file protein_34.cif (mmCIF, C-alpha atoms)
data_model
loop_
_atom_site.label_atom_id
_atom_site.label_comp_id
_atom_site.auth_asym_id
_atom_site.auth_seq_id
_atom_site.Cartn_x
_atom_site.Cartn_y
_atom_site.Cartn_z
CA MET A 1 0.00 0.00 0.00
CA LYS A 2 2.89 2.37 0.81
CA SER A 3 4.36 1.89 -2.66
CA VAL A 4 1.00 2.74 -4.25
CA LEU A 5 0.68 5.92 -2.17
CA TYR A 6 4.24 6.80 -3.12
CA LEU A 7 3.53 6.57 -6.83
CA ILE A 8 0.27 8.56 -6.50
CA CYS A 9 2.26 11.27 -4.74
CA LEU A 10 4.95 11.04 -7.42
CA LEU A 11 2.37 11.61 -10.14
CA LEU A 12 1.05 14.71 -8.38
CA CYS A 13 4.23 16.18 -6.92
CA SER A 14 7.74 16.91 -8.10
CA SER A 15 10.35 14.17 -7.92
CA GLY A 16 14.09 13.69 -8.16
CA THR A 17 16.46 14.29 -11.05
CA LEU A 18 17.68 11.40 -13.19
CA SER A 19 19.15 11.21 -16.67
CA TYR A 20 18.00 9.15 -19.63
CA GLU A 21 20.24 7.87 -22.38
CA GLY A 22 18.16 5.50 -24.42
CA HIS A 23 16.20 5.68 -27.65
CA ARG A 24 17.30 8.55 -29.87
CA ILE A 25 14.75 11.36 -29.73
CA SER A 26 13.00 12.06 -33.02
CA LYS A 27 11.14 15.20 -34.04
CA GLN A 28 7.92 15.68 -35.92
CA SER A 29 8.56 17.30 -39.28
CA HIS A 30 5.68 19.75 -38.91
CA ASN A 31 6.78 20.95 -35.45
CA ASP A 32 10.45 20.97 -34.51
CA ASN A 33 9.56 21.70 -30.89
CA ILE A 34 7.76 18.36 -30.41
CA GLU A 35 10.08 15.49 -29.51
CA ARG A 36 9.08 11.85 -29.25
CA PRO A 37 11.42 9.78 -27.04
CA CYS A 38 9.90 6.46 -28.16
CA PRO A 39 7.63 4.99 -30.81
CA LEU A 40 4.16 4.40 -29.36
CA SER A 41 4.42 0.77 -30.41
CA SER A 42 7.60 0.14 -28.38
CA MET A 43 6.67 -0.61 -24.77
CA THR A 44 10.28 -1.68 -24.17
CA CYS A 45 11.55 1.81 -25.02
CA ILE A 46 8.80 3.49 -22.98
CA ARG A 47 9.52 1.27 -19.97
CA ASN A 48 13.26 1.99 -20.18
CA TYR A 49 12.58 5.71 -20.45
CA PHE A 50 10.41 5.94 -17.33
CA GLN A 51 12.53 3.47 -15.37
CA SER A 52 15.50 5.73 -15.99
CA LYS A 53 13.60 8.92 -15.21
CA LEU A 54 11.69 7.73 -12.14
CA GLY A 55 14.31 5.36 -10.81
CA CYS A 56 11.76 2.53 -10.58
CA GLY A 57 12.50 -1.12 -11.22
CA PRO A 58 11.55 -3.45 -14.08
CA LEU A 59 8.24 -5.26 -13.91
CA GLY A 60 8.27 -8.67 -12.27
CA GLU A 61 7.30 -11.85 -14.07
CA HIS A 62 4.04 -12.19 -12.17
CA ILE A 63 1.82 -9.11 -12.21
CA LEU A 64 -1.29 -9.47 -10.07
CA LYS A 65 -4.52 -9.42 -12.05
CA PRO A 66 -6.73 -7.78 -11.09
CA TYR A 67 -4.80 -4.90 -9.53
CA TYR A 68 -5.66 -4.61 -5.82
CA LEU A 69 -5.93 -1.51 -3.62
CA GLU A 70 -6.75 -1.57 0.08
CA LYS A 71 -8.58 1.77 0.15
CA ILE A 72 -9.51 4.74 -2.06
CA THR A 73 -11.37 7.87 -0.95
CA ALA A 74 -13.04 10.54 -3.09
CA ASP A 75 -15.25 13.58 -2.63
CA MET A 76 -18.58 14.11 -4.39
CA PRO A 77 -19.22 17.85 -3.83
CA HIS A 78 -22.18 17.90 -6.21
CA SER A 79 -24.02 15.65 -3.77
CA ASN A 80 -22.58 16.93 -0.47
CA ALA A 81 -21.09 13.47 -0.06
CA SER A 82 -17.87 11.48 -0.13
CA VAL A 83 -17.13 7.83 -0.73
CA ARG A 84 -14.66 5.35 0.70
CA PHE A 85 -13.84 2.22 -1.34
CA GLU A 86 -12.22 -0.68 0.49
CA GLY A 87 -10.92 -3.90 -1.02
CA VAL A 88 -10.77 -2.49 -4.57
CA ARG A 89 -9.99 -4.68 -7.58
CA LEU A 90 -9.26 -2.99 -10.92
CA HIS A 91 -9.82 -5.13 -14.02
CA GLY A 92 -8.80 -4.22 -17.57
CA LEU A 93 -5.50 -2.39 -16.98
CA ASN A 94 -3.62 -4.94 -19.09
CA THR A 95 -5.63 -3.84 -22.13
CA GLY A 96 -4.67 -0.17 -21.72
CA ARG A 97 -2.66 1.31 -24.56
CA ILE A 98 -0.44 4.37 -24.82
CA THR A 99 -1.86 6.58 -27.57
CA GLU A 100 0.31 9.68 -27.12
CA PHE A 101 3.79 10.32 -25.73
CA TYR A 102 5.85 13.42 -26.50
CA ILE A 103 7.72 16.39 -25.05
CA ASN A 104 6.92 19.97 -26.04
CA ARG A 105 10.29 21.66 -25.63
CA ASP A 106 8.92 25.19 -26.01
CA ALA A 107 6.45 24.71 -23.16
CA ASP A 108 8.64 22.24 -21.22
CA ILE A 109 5.78 19.77 -20.88
CA LEU A 110 5.83 15.99 -21.19
CA VAL A 111 2.51 14.39 -22.23
CA LEU A 112 1.54 10.73 -21.90
CA GLU A 113 -1.97 9.55 -22.80
CA VAL A 114 -3.37 6.13 -21.91
CA GLU A 115 -6.69 4.83 -23.25
CA LEU A 116 -8.74 2.04 -21.71
CA ASP A 117 -11.73 0.65 -23.58
CA LYS A 118 -13.20 -0.80 -20.38
CA LEU A 119 -12.09 -0.49 -16.77
CA ILE A 120 -13.95 -2.38 -14.04
CA MET A 121 -13.71 -1.25 -10.42
CA ASP A 122 -15.01 -4.01 -8.15
CA THR A 123 -15.29 -3.03 -4.49
CA GLU A 124 -15.89 -5.22 -1.46
CA ARG A 125 -17.02 -2.31 0.72
CA ALA A 126 -18.20 1.00 -0.73
CA THR A 127 -19.17 3.44 2.01
CA ILE A 128 -21.17 6.48 0.92
CA ILE A 129 -20.91 9.31 3.45
CA TYR A 130 -23.64 11.95 3.17
CA HIS A 131 -22.59 15.20 4.88
CA ARG A 132 -25.20 17.39 6.54
CA LYS A 133 -25.07 20.99 7.72
CA GLY A 134 -24.69 21.13 11.49
CA LYS A 135 -25.20 17.38 11.90
CA GLU A 136 -23.14 14.21 11.92
CA PRO A 137 -22.78 12.53 8.51
CA LEU A 138 -24.87 9.54 7.51
CA GLU A 139 -23.14 6.44 6.16
CA VAL A 140 -24.17 3.32 4.26
CA THR A 141 -21.87 0.46 3.24
CA ASP A 142 -22.33 -2.30 0.67
CA PRO A 143 -20.42 -3.84 -2.28
CA SER A 144 -20.36 -1.97 -5.60
CA LYS A 145 -19.09 -2.47 -9.13
CA ALA A 146 -18.47 0.21 -11.77
CA TYR A 147 -17.92 -0.41 -15.48
CA ILE A 148 -16.14 2.57 -17.10
CA TYR A 149 -16.01 2.68 -20.91
CA GLY A 150 -13.86 4.88 -23.16
CA LEU A 151 -11.56 6.23 -20.43
CA SER A 152 -8.60 8.44 -21.34
CA LEU A 153 -5.87 9.29 -18.81
CA THR A 154 -3.62 12.23 -19.69
CA TYR A 155 -0.44 12.54 -17.64
CA THR A 156 1.41 15.87 -17.93
CA ILE A 157 4.67 17.05 -16.40
CA ARG A 158 5.37 20.78 -16.52
CA ASP A 159 8.82 22.38 -16.33
CA PHE A 160 10.31 19.21 -17.70
CA HIS A 161 13.73 20.66 -18.64
CA GLY A 162 15.16 17.48 -20.14
CA SER A 163 15.88 15.28 -17.15
CA ARG A 164 14.27 17.43 -14.45
CA TRP A 165 10.78 16.60 -13.20
CA GLY A 166 8.46 19.43 -12.24
CA ASP A 167 4.73 19.82 -11.55
CA GLN A 168 2.76 16.71 -12.50
CA HIS A 169 -0.93 16.14 -13.11
CA VAL A 170 -3.22 13.31 -14.19
CA TYR A 171 -6.61 14.01 -15.74
CA ALA A 172 -9.26 11.41 -16.50
CA TYR A 173 -11.38 12.24 -19.54
CA LEU A 174 -14.59 10.59 -20.71
CA SER A 175 -15.43 11.79 -24.22
CA HIS A 176 -18.76 9.96 -24.31
CA PRO A 177 -19.46 8.91 -20.71
CA LYS A 178 -20.79 5.38 -20.58
CA ILE A 179 -20.88 4.07 -17.03
CA ASN A 180 -22.69 1.06 -15.65
CA LEU A 181 -22.85 1.13 -11.85
CA LYS A 182 -24.11 -1.70 -9.67
CA LEU A 183 -24.77 -0.86 -6.01
CA GLY A 184 -25.71 -3.01 -3.05
CA ALA A 185 -29.17 -2.93 -1.46
CA ALA A 186 -28.02 -0.72 1.42
CA HIS A 187 -27.04 2.04 -1.01
CA VAL A 188 -30.44 2.04 -2.66
CA ASP A 189 -32.78 1.86 0.34
CA ASN A 190 -31.44 2.99 3.69
CA THR A 191 -32.73 5.25 6.43
CA GLY A 192 -30.54 6.88 9.05
CA LYS A 193 -31.09 6.48 12.79
CA ASP A 194 -32.88 9.83 12.94
CA GLY A 195 -35.15 8.95 10.01
CA ASP A 196 -33.28 10.93 7.32
CA LEU A 197 -32.91 9.20 3.98
CA ILE A 198 -29.28 8.61 3.00
CA ASN A 199 -29.87 8.33 -0.73
CA LEU A 200 -31.05 11.91 -1.31
CA LYS A 201 -28.76 13.73 -3.76
CA TRP A 202 -26.76 10.62 -4.60
CA PHE A 203 -29.66 9.21 -6.58
CA GLU A 204 -31.14 12.48 -7.89
CA ASP A 205 -28.36 12.86 -10.44
CA MET A 206 -26.45 9.57 -10.50
CA LYS A 207 -24.74 10.15 -13.84
CA LEU A 208 -23.12 13.45 -12.86
CA THR A 209 -22.21 12.23 -9.38
CA VAL A 210 -20.51 9.08 -10.64
CA ALA A 211 -18.72 10.88 -13.49
CA GLU A 212 -17.21 13.52 -11.19
CA THR A 213 -16.11 10.85 -8.73
CA LEU A 214 -14.41 8.74 -11.39
CA ILE A 215 -12.63 11.75 -12.90
CA SER A 216 -11.19 12.61 -9.49
CA LEU A 217 -9.62 9.13 -9.33
CA GLY A 218 -7.43 9.67 -12.42
CA PRO A 219 -4.14 9.57 -10.44
CA VAL A 220 -5.19 6.25 -8.89
CA TYR A 221 -5.84 4.67 -12.30
CA MET A 222 -2.59 6.00 -13.72
CA THR A 223 -0.67 4.68 -10.70
CA ALA A 224 -2.20 1.25 -11.25
CA PHE A 225 -1.35 1.38 -14.97
CA PHE A 226 2.28 2.27 -14.22
CA GLN A 227 2.56 -0.59 -11.72
CA THR A 228 0.99 -3.02 -14.19
CA LYS A 229 2.51 -1.98 -17.54
CA ILE A 230 5.53 0.32 -17.10
CA CYS A 231 7.59 -0.04 -13.95
CA ASP A 232 7.62 -1.27 -10.37
CA MET A 233 7.67 1.64 -7.92
CA THR A 234 8.49 -0.65 -4.99
CA ILE A 235 12.03 -0.83 -6.42
CA SER A 236 13.96 2.41 -6.57
#

call {"tool": "encode", "arguments": {"input": "protein_34.cif", "output": "structure tokens"}}
result
Amino acid sequence: MKSVLYLICLLLCSSGTLSYEGHRISKQSHNDNIERPCPLSSMTCIRNYFQSKLGCGPLGEHILKPYYLEKITADMPHSNASVRFEGVRLHGLNTGRITEFYINRDADILVLEVELDKLIMDTERATIIYHRKGKEPLEVTDPSKAYIYGLSLTYTIRDFHGSRWGDQHVYAYLSHPKINLKLGAAHVDNTGKDGDLINLKWFEDMKLTVAETLISLGPVYMTAFFQTKICDMTIS
């Protein structure tokens, strides 16, 4: 779990300085400021590049499928709620593909895009916490499963400066949101001890609530993709 938190922090914060001497950088003919360190089809080159830059280790022979996380938390401000996922299994990371990878030298930004046709987040315990003004929050817990289709993860690093890592950001983008969410009975029909219904805003606009929650988890998905496809952050 500590290694996962480390990589999530690494994706959002600045990290150390390392050099890379691998695949010869090529330039696009229509823009001399765009440099591509590796062909998109060469995962070996991409792995070597990030292993050199991040100081992480090569992937082991046995990658766990599905990818497991002990706990994830996220806010749902649209619904005055938050959610805590425990015992999370991510399916479909092995089918993710890198569709863009380049460095804009003028802007000093590295861009890496990953696309996943279908990502499944299966959760043993999903606790929805409904926050109330001047009162204690209400909570309900049950299993849940989310099917996310057409997910794009864009990873950017600003102030790249060759071998120097600067501000980093991961954004999850759904061009045509298609989400299938399965919730347990407690999420659908539950009344708090004081008689207040828990499922108020959560179910009034499910599509928007789920979409904003999933977008906020972009760094988690990218961390899992790195651990599964690019490099092992437990070795540095």

call {"tool": "residues_around", "arguments": {"input": "protein_34.cif", "residues": "range 92-105 of chain A", "least_positions_apart": "2", "cutoff": "8 Å", "atoms": "only C-alpha atoms", "output": "PDB file with C-alpha atoms, keeping the file's coordinate frame"}}
result
ATOM      1  CA  ASN A  33       9.560  21.700 -30.890  1.00  0.00           C
ATOM      2  CA  ILE A  34       7.760  18.360 -30.410  1.00  0.00           C
ATOM      3  CA  GLU A  35      10.080  15.490 -29.510  1.00  0.00           C
ATOM      4  CA  ARG A  36       9.080  11.850 -29.250  1.00  0.00           C
ATOM      5  CA  PRO A  37      11.420   9.780 -27.040  1.00  0.00           C
ATOM      6  CA  CYS A  38       9.900   6.460 -28.160  1.00  0.00           C
ATOM      7  CA  LEU A  40       4.160   4.400 -29.360  1.00  0.00           C
ATOM      8  CA  PRO A  66      -6.730  -7.780 -11.090  1.00  0.00           C
ATOM      9  CA  TYR A  67      -4.800  -4.900  -9.530  1.00  0.00           C
ATOM     10  CA  LEU A  90      -9.260  -2.990 -10.920  1.00  0.00           C
ATOM     11  CA  ALA A 107       6.450  24.710 -23.160  1.00  0.00           C
ATOM     12  CA  ASP A 108       8.640  22.240 -21.220  1.00  0.00           C
ATOM     13  CA  ILE A 109       5.780  19.770 -20.880  1.00  0.00           C
ATOM     14  CA  LEU A 110       5.830  15.990 -21.190  1.00  0.00           C
ATOM     15  CA  VAL A 111       2.510  14.390 -22.230  1.00  0.00           C
ATOM     16  CA  LEU A 112       1.540  10.730 -21.900  1.00  0.00           C
ATOM     17  CA  GLU A 113      -1.970   9.550 -22.800  1.00  0.00           C
ATOM     18  CA  VAL A 114      -3.370   6.130 -21.910  1.00  0.00           C
ATOM     19  CA  GLU A 115      -6.690   4.830 -23.250  1.00  0.00           C
ATOM     20  CA  LEU A 116      -8.740   2.040 -21.710  1.00  0.00           C
ATOM     21  CA  ASP A 117     -11.730   0.650 -23.580  1.00  0.00           C
ATOM     22  CA  LYS A 118     -13.200  -0.800 -20.380  1.00  0.00           C
ATOM     23  CA  LEU A 119     -12.090  -0.490 -16.770  1.00  0.00           C
ATOM     24  CA  ILE A 120     -13.950  -2.380 -14.040  1.00  0.00           C
ATOM     25  CA  HIS A 161      13.730  20.660 -18.640  1.00  0.00           C
ATOM     26  CA  ALA A 224      -2.200   1.250 -11.250  1.00  0.00           C
ATOM     27  CA  PHE A 225      -1.350   1.380 -14.970  1.00  0.00           C
ATOM     28  CA  THR A 228       0.990  -3.020 -14.190  1.00  0.00           C
ATOM     29  CA  LYS A 229       2.510  -1.980 -17.540  1.00  0.00           C
TER      30      LYS A 229
END

call {"tool": "residues_near_point", "arguments": {"input": "protein_34.cif", "point": "(-20.8, 15.9, 0.4)", "cutoff": "10 Å", "atoms": "only C-alpha atoms", "output": "PyMOL selection string"}}
result
chain A and resi 75-83+128-133+137+201-202

call {"tool": "resolve_selection", "arguments": {"input": "protein_34.cif", "expression": "the PyMOL selection byres ((chain A and resi 212) around 10)", "output": "VMD selection string"}}
result
chain A and resid 74 to 78 172 207 to 211 213 to 217

call {"tool": "atom_distance", "arguments": {"input": "protein_34.cif", "atom1": "CA of Ala126 in chain A", "atom2": "CA of Val140 in chain A"}}
result
8.1 Å

call {"tool": "closest_residue", "arguments": {"input": "protein_34.cif", "among": "A:Thr127, A:Ile230, A:Gly87, A:Thr154", "to": "Cys45 in chain A", "atoms": "only C-alpha atoms"}}
result
A:Ile230

call {"tool": "closest_residue", "arguments": {"input": "protein_34.cif", "among": "A:Cys56, A:Met43, A:Ala146, A:Cys231", "to": "Val88 in chain A", "atoms": "all atoms listed in the file"}}
result
A:Ala146

call {"tool": "closest_residue", "arguments": {"input": "protein_34.cif", "among": "A:Phe50, A:Tyr221, A:Tyr149, A:Tyr173", "to": "Arg89 in chain A", "atoms": "all atoms listed in the file"}}
result
A:Tyr221

call {"tool": "atom_distance", "arguments": {"input": "protein_34.cif", "atom1": "CA of His169 in chain A", "atom2": "CA of Phe85 in chain A"}}
result
22.3 Å

call {"tool": "atom_distance", "arguments": {"input": "protein_34.cif", "atom1": "CA of Arg84 in chain A", "atom2": "CA of Val220 in chain A"}}
result
13.5 Å

call {"tool": "resolve_selection", "arguments": {"input": "protein_34.cif", "expression": "the PyMOL selection byres ((chain A and resi 125) around 6)", "output": "PyMOL selection string"}}
result
chain A and resi 85-86+123-124+126+142-143
